[in-house]
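Q: Let me give you the structure first, and then I'll get to my questions.
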Amino acid sequence: MLANEVLDAMPVTLFAWDEQGHLMERGVALGGDGDFAWADRPANDELAQAVAARMPPLPGYASEINLQARAWVRAMGQWLARGAALLVDYGFPQSEYYHPQRTGGTLMCHLRHHAHADPFAAPGLQDITAHVDFTAMADAALAGGLEVLGYTSQARFLMNAGLLQILGRQDAGDAQAYARLAAPVQKLLSEAEMGELFKVLAVGRGVDAPLIGFARGDRRGGL
C-alpha cells in the first residue's frame with residue numbers, strides 16, 4: 001500500500017503551555033468582531049498523556065500532535081495480514097519535531113501555491129496542514145503489531161530504488177526533451193526541494209526480503 005501525503009491531511013490537535021506551565025488545548029472561537037480567533041482550554045487527560053510522552057513542559061511553547069494519524073496507522077495492524085505500507089510525507093523524527101527551538105509548531109497553510117502561517121486568512125479555501133512526527137507513526141505501527149521495515153529520506157529511497165538509472169536510460173540527444181524529464185527528478189531528489197524534507201516510512205508484516213528502497217541510508221535508528 002502506498003500512502004503519499006495521506007498522514008499530513010489528517011486533522012491535528014494543537015497544544016500550548018501557558019506562562020504558568022499549564023498544558024492547554026488550542027481551539028478556534030469567534031472573536032468579538034465575528035472573525036475566527038484562537039482560544040485555549042485545559043488539555044484533557046488523553047492529550048496531556050500523549051504530549052507528556054513526547055516532551056517536557058515548556059512555557060510559551062506551542063505545537064501539534066496527530067492523534068488521528070496515530071490511530072490510523074495502529075489500526076493497520078488489524079487488516080494488513082501480509083505486505084508493506086509505504087508512508088510518504090514531509091516531517092521529522094520526534095527529536096526534531098519537538099525541538100525546543102521549534103516554538104511555534106509546524107502548522108502551515110497553502111493557497112494558490114503560496115505558503116503562509118495564518119489559518120484564518122481564507123477559511124474554506126486554503127489547505128491547512130502540519131508535518132508528520134514519524135517517531136509517533138513508527139510507535140503506532142509497533143503498537144498495532146506491525147514491524148517497522150525502513151525509514152529514510154525521499155531522495156535516498158528513490159535513488160536506492162533506481163530512479164537515476166531509469167533517467168540514465170533516457171536519450172540525452174534531445175536536450176530539451178531530456179531536460180523535461182530531468183527537472184522533476186531534480187525536484188524529487190534535491191535537499192533544497194523535496195529530497196530531504198519528505199521521508200518514507202515502511203511498516204508491515206510477513207515481509208521476509210529486505211526492501212530495496214532502504215538498502216542504504218536507513219534511518220530507523222534515529223526514530
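Every chain in the C-alpha cells takes a letter, A first, then B, and so on in the order presented; its residues are numbered from 1, and the ligands are numbered from 1 following the presented order.
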Tell me which protein, DNA and RNA residues are within 8 Å of Ala117 (chain A), counting only C-alpha atoms, leaving out same-chain ones fewer than 5 positions away, and put them as number ranges by chain.
A: A: 107-109
Q: Let's have the selection written as a tab-separated table (two decimals), in the first residue's frame, with N, CA and C atoms.
A:
chain	number	residue	atom	x	y	z
A	107	LEU	N	2.43	23.97	11.84
A	107	LEU	CA	1.19	24.25	11.11
A	107	LEU	C	1.46	25.24	9.98
A	108	MET	N	1.03	24.87	8.76
A	108	MET	CA	1.24	25.72	7.59
A	108	MET	C	-0.02	25.73	6.73
A	109	CYS	N	-0.16	26.80	5.96
A	109	CYS	CA	-1.30	26.94	5.05
A	109	CYS	C	-0.79	27.15	3.63
Q: Region 51-103 of chain A near region 154-166 of chain A within 10 Å: what's each residue's closest atom pair and its distance in Å to one decimal, counting only C-alpha atoms, ordered by chain then ascending residue number, as a tab-separated table?
A:
residue	atom	partner	partner_atom	distance
A:Val88	CA	A:Gln154	CA	7.7
A:Asp89	CA	A:Gln154	CA	8.7
A:Tyr90	CA	A:Gln154	CA	9.2
Q: Can you spit out the residues from that selection as a PDB file, in the first residue's frame, using C-alpha atoms?
A:
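Dumped to part18.pdb:
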ATOM      1  CA  VAL A  88       5.488   9.145   2.193  1.00  0.00           C
ATOM      2  CA  ASP A  89       5.171  12.604   3.701  1.00  0.00           C
ATOM      3  CA  TYR A  90       7.041  15.649   4.929  1.00  0.00           C
TER       4      TYR A  90
END
Q: Name all residues at most 10 Å from Met24 (chain A) (count only C-alpha atoms; drop same-chain ones fewer than 3 positions away) and give them as a list in words.
A: Leu14, Phe15, Ala16, Trp17, Asp18, Gly21, Gly27, Ala39, Asp40, Arg41, Pro42, Ala43, Asn44, Leu47, Ala48 and Ala62 of chain A
Q: For each of A:Ala141, A:Thr103, A:Ala84, A:Thr129, take the minimum atom-to-atom distance to Ala71 (chain A), counting only C-alpha atoms, then give the residue where this is smallest.
A: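 Closest residue, counting only C-alpha atoms: A:Ala141.
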Q: Go through A:Gln101, A:Gln20, A:Gln94, A:Gln78 one by one, measure the shortest atom-to-atom distance of each to Pro57 (chain A) using only C-alpha atoms, and give the residue with the smallest value.
A: A:Gln20
Q: Between CA of Pro56 (chain A) and CA of Arg70 (chain A), what distance in Å does the model show, to one decimal?
A: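 For CA of Pro56 (chain A) relative to CA of Arg70 (chain A), the distance reads 20.3 Å.
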Q: Using only C-alpha atoms, which of the listed residues (A:Val148, A:Ala209, A:Leu67, A:Leu197) sits closest to Leu86 (chain A)?
A: A:Val148
Q: Please determine, counting only C-alpha atoms, which residue among A:Ala85, A:Ala122, A:Val185, A:Val12 has the shortest atom-to-atom distance to Val203 (chain A).
A: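 Using only C-alpha atoms, Val203 (chain A) sits closest to A:Ala85.
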Q: Can you tell me which residues surround Phe198 (chain A) at a distance of at most 10 Å, considering only C-alpha atoms, apart from same-chain residues fewer than 2 positions away, and format the answer as a list of chain:residue names?
A: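 Near neighbours after the sequence-gap exclusion: A:Glu5, A:Val88, A:Asp89, A:Tyr90, A:Gly91, A:Phe92, A:His131, A:Val132, A:Thr152, A:Ser153, A:Gln154, A:Ala155, A:Leu188, A:Leu189, A:Glu191, A:Glu193, A:Met194, A:Gly195, A:Glu196, A:Val200.
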Q: Print the selection's residues with all heavy atoms to a file, as a compact mmCIF listing (two decimals), in the first residue's frame.
A:
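Saved file out18.txt follows:
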# COMPACT_ATOMS: atom_id res chain seq x y z
N GLU A 5 1.35 11.54 1.09
CA GLU A 5 0.74 12.73 1.68
C GLU A 5 -0.69 12.46 2.17
O GLU A 5 -1.60 13.24 1.94
CB GLU A 5 0.76 13.90 0.70
CG GLU A 5 2.16 14.44 0.46
CD GLU A 5 2.16 15.78 -0.23
OE1 GLU A 5 1.84 16.79 0.43
OE2 GLU A 5 2.47 15.83 -1.43
N VAL A 88 4.63 8.09 2.73
CA VAL A 88 5.49 9.15 2.19
C VAL A 88 4.90 10.49 2.57
O VAL A 88 3.74 10.79 2.25
CB VAL A 88 5.60 9.03 0.66
CG1 VAL A 88 6.60 10.05 0.12
CG2 VAL A 88 5.97 7.62 0.24
N ASP A 89 5.69 11.31 3.26
CA ASP A 89 5.17 12.60 3.70
C ASP A 89 6.32 13.49 4.15
O ASP A 89 7.46 13.03 4.28
CB ASP A 89 4.18 12.42 4.87
CG ASP A 89 2.88 13.16 4.61
OD1 ASP A 89 2.95 14.37 4.31
OD2 ASP A 89 1.82 12.53 4.71
N TYR A 90 6.02 14.76 4.39
CA TYR A 90 7.04 15.65 4.93
C TYR A 90 6.95 15.65 6.45
O TYR A 90 5.87 15.65 7.02
CB TYR A 90 6.93 17.07 4.37
CG TYR A 90 5.55 17.66 4.29
CD1 TYR A 90 5.02 18.40 5.34
CD2 TYR A 90 4.77 17.49 3.15
CE1 TYR A 90 3.76 18.95 5.27
CE2 TYR A 90 3.50 18.03 3.06
CZ TYR A 90 3.00 18.76 4.12
OH TYR A 90 1.74 19.29 4.04
N GLY A 91 8.11 15.59 7.08
CA GLY A 91 8.10 15.52 8.53
C GLY A 91 9.47 15.21 9.09
O GLY A 91 10.48 15.24 8.38
N PHE A 92 9.48 14.90 10.39
CA PHE A 92 10.73 14.71 11.13
C PHE A 92 10.56 13.59 12.14
O PHE A 92 9.43 13.23 12.50
CB PHE A 92 11.10 15.98 11.92
CG PHE A 92 10.94 17.26 11.17
CD1 PHE A 92 9.82 18.07 11.37
CD2 PHE A 92 11.89 17.68 10.26
CE1 PHE A 92 9.68 19.27 10.69
CE2 PHE A 92 11.76 18.87 9.57
CZ PHE A 92 10.65 19.67 9.79
N HIS A 131 3.33 19.01 9.61
CA HIS A 131 4.31 17.96 9.32
C HIS A 131 3.97 16.70 10.13
O HIS A 131 3.15 16.73 11.04
CB HIS A 131 5.71 18.45 9.68
CG HIS A 131 6.26 19.44 8.70
ND1 HIS A 131 5.53 20.52 8.25
CD2 HIS A 131 7.46 19.54 8.10
CE1 HIS A 131 6.27 21.23 7.41
NE2 HIS A 131 7.45 20.66 7.30
N VAL A 132 4.64 15.62 9.77
CA VAL A 132 4.38 14.32 10.39
C VAL A 132 5.48 13.99 11.39
O VAL A 132 6.67 14.17 11.10
CB VAL A 132 4.31 13.22 9.31
CG1 VAL A 132 4.18 11.83 9.95
CG2 VAL A 132 3.13 13.48 8.37
N THR A 152 13.71 6.45 5.73
CA THR A 152 14.79 7.23 5.13
C THR A 152 14.21 8.44 4.43
O THR A 152 12.99 8.63 4.39
CB THR A 152 15.61 6.36 4.15
OG1 THR A 152 16.81 7.04 3.79
CG2 THR A 152 14.82 6.03 2.88
N SER A 153 15.07 9.26 3.86
CA SER A 153 14.61 10.42 3.10
C SER A 153 14.05 9.98 1.75
O SER A 153 14.39 8.91 1.23
CB SER A 153 15.76 11.41 2.88
OG SER A 153 16.73 10.85 2.01
N GLN A 154 13.22 10.83 1.17
CA GLN A 154 12.67 10.51 -0.15
C GLN A 154 13.78 10.38 -1.19
O GLN A 154 13.74 9.49 -2.04
CB GLN A 154 11.68 11.59 -0.58
CG GLN A 154 11.15 11.40 -1.99
CD GLN A 154 10.14 12.45 -2.38
OE1 GLN A 154 8.97 12.34 -2.02
NE2 GLN A 154 10.56 13.48 -3.09
N ALA A 155 14.78 11.26 -1.11
CA ALA A 155 15.88 11.21 -2.08
C ALA A 155 16.60 9.87 -2.01
O ALA A 155 16.84 9.22 -3.03
CB ALA A 155 16.85 12.36 -1.83
N LEU A 188 12.49 16.08 -6.98
CA LEU A 188 12.23 14.97 -6.06
C LEU A 188 13.44 14.64 -5.20
O LEU A 188 13.30 14.18 -4.07
CB LEU A 188 11.81 13.73 -6.85
CG LEU A 188 10.44 13.76 -7.52
CD1 LEU A 188 10.29 12.57 -8.45
CD2 LEU A 188 9.33 13.77 -6.49
N LEU A 189 14.65 14.88 -5.74
CA LEU A 189 15.87 14.46 -5.06
C LEU A 189 16.60 15.57 -4.32
O LEU A 189 17.33 15.30 -3.37
CB LEU A 189 16.85 13.83 -6.07
CG LEU A 189 16.38 12.58 -6.81
CD1 LEU A 189 17.49 12.08 -7.73
CD2 LEU A 189 15.96 11.48 -5.85
N GLU A 191 17.92 18.36 -1.89
CA GLU A 191 17.71 18.69 -0.48
C GLU A 191 16.99 20.02 -0.32
O GLU A 191 16.29 20.24 0.67
CB GLU A 191 19.06 18.74 0.25
CG GLU A 191 19.69 17.37 0.46
CD GLU A 191 20.89 17.43 1.37
OE1 GLU A 191 21.15 18.51 1.94
OE2 GLU A 191 21.57 16.40 1.51
N GLU A 193 14.63 21.03 -2.22
CA GLU A 193 13.24 20.87 -2.67
C GLU A 193 12.56 19.81 -1.80
O GLU A 193 12.28 20.04 -0.63
CB GLU A 193 13.22 20.48 -4.16
CG GLU A 193 13.76 21.56 -5.09
CD GLU A 193 12.75 22.63 -5.42
OE1 GLU A 193 11.60 22.50 -5.00
OE2 GLU A 193 13.13 23.59 -6.11
N MET A 194 12.29 18.63 -2.37
CA MET A 194 11.55 17.59 -1.66
C MET A 194 12.42 16.46 -1.12
O MET A 194 11.96 15.64 -0.33
CB MET A 194 10.48 17.00 -2.59
CG MET A 194 9.48 18.00 -3.11
SD MET A 194 8.45 17.32 -4.44
CE MET A 194 7.55 16.03 -3.56
N GLY A 195 13.67 16.41 -1.57
CA GLY A 195 14.50 15.23 -1.29
C GLY A 195 14.73 14.93 0.16
O GLY A 195 14.71 13.76 0.58
N GLU A 196 14.95 15.96 0.99
CA GLU A 196 15.24 15.74 2.40
C GLU A 196 14.02 15.98 3.28
O GLU A 196 13.81 15.28 4.27
CB GLU A 196 16.39 16.64 2.85
CG GLU A 196 16.74 16.55 4.33
CD GLU A 196 17.14 15.14 4.76
OE1 GLU A 196 17.72 14.40 3.94
OE2 GLU A 196 16.86 14.76 5.91
N VAL A 200 10.23 8.60 3.88
CA VAL A 200 9.49 7.38 3.57
C VAL A 200 9.61 6.43 4.75
O VAL A 200 10.73 6.08 5.15
CB VAL A 200 10.02 6.70 2.29
CG1 VAL A 200 9.16 5.48 1.94
CG2 VAL A 200 10.05 7.67 1.12
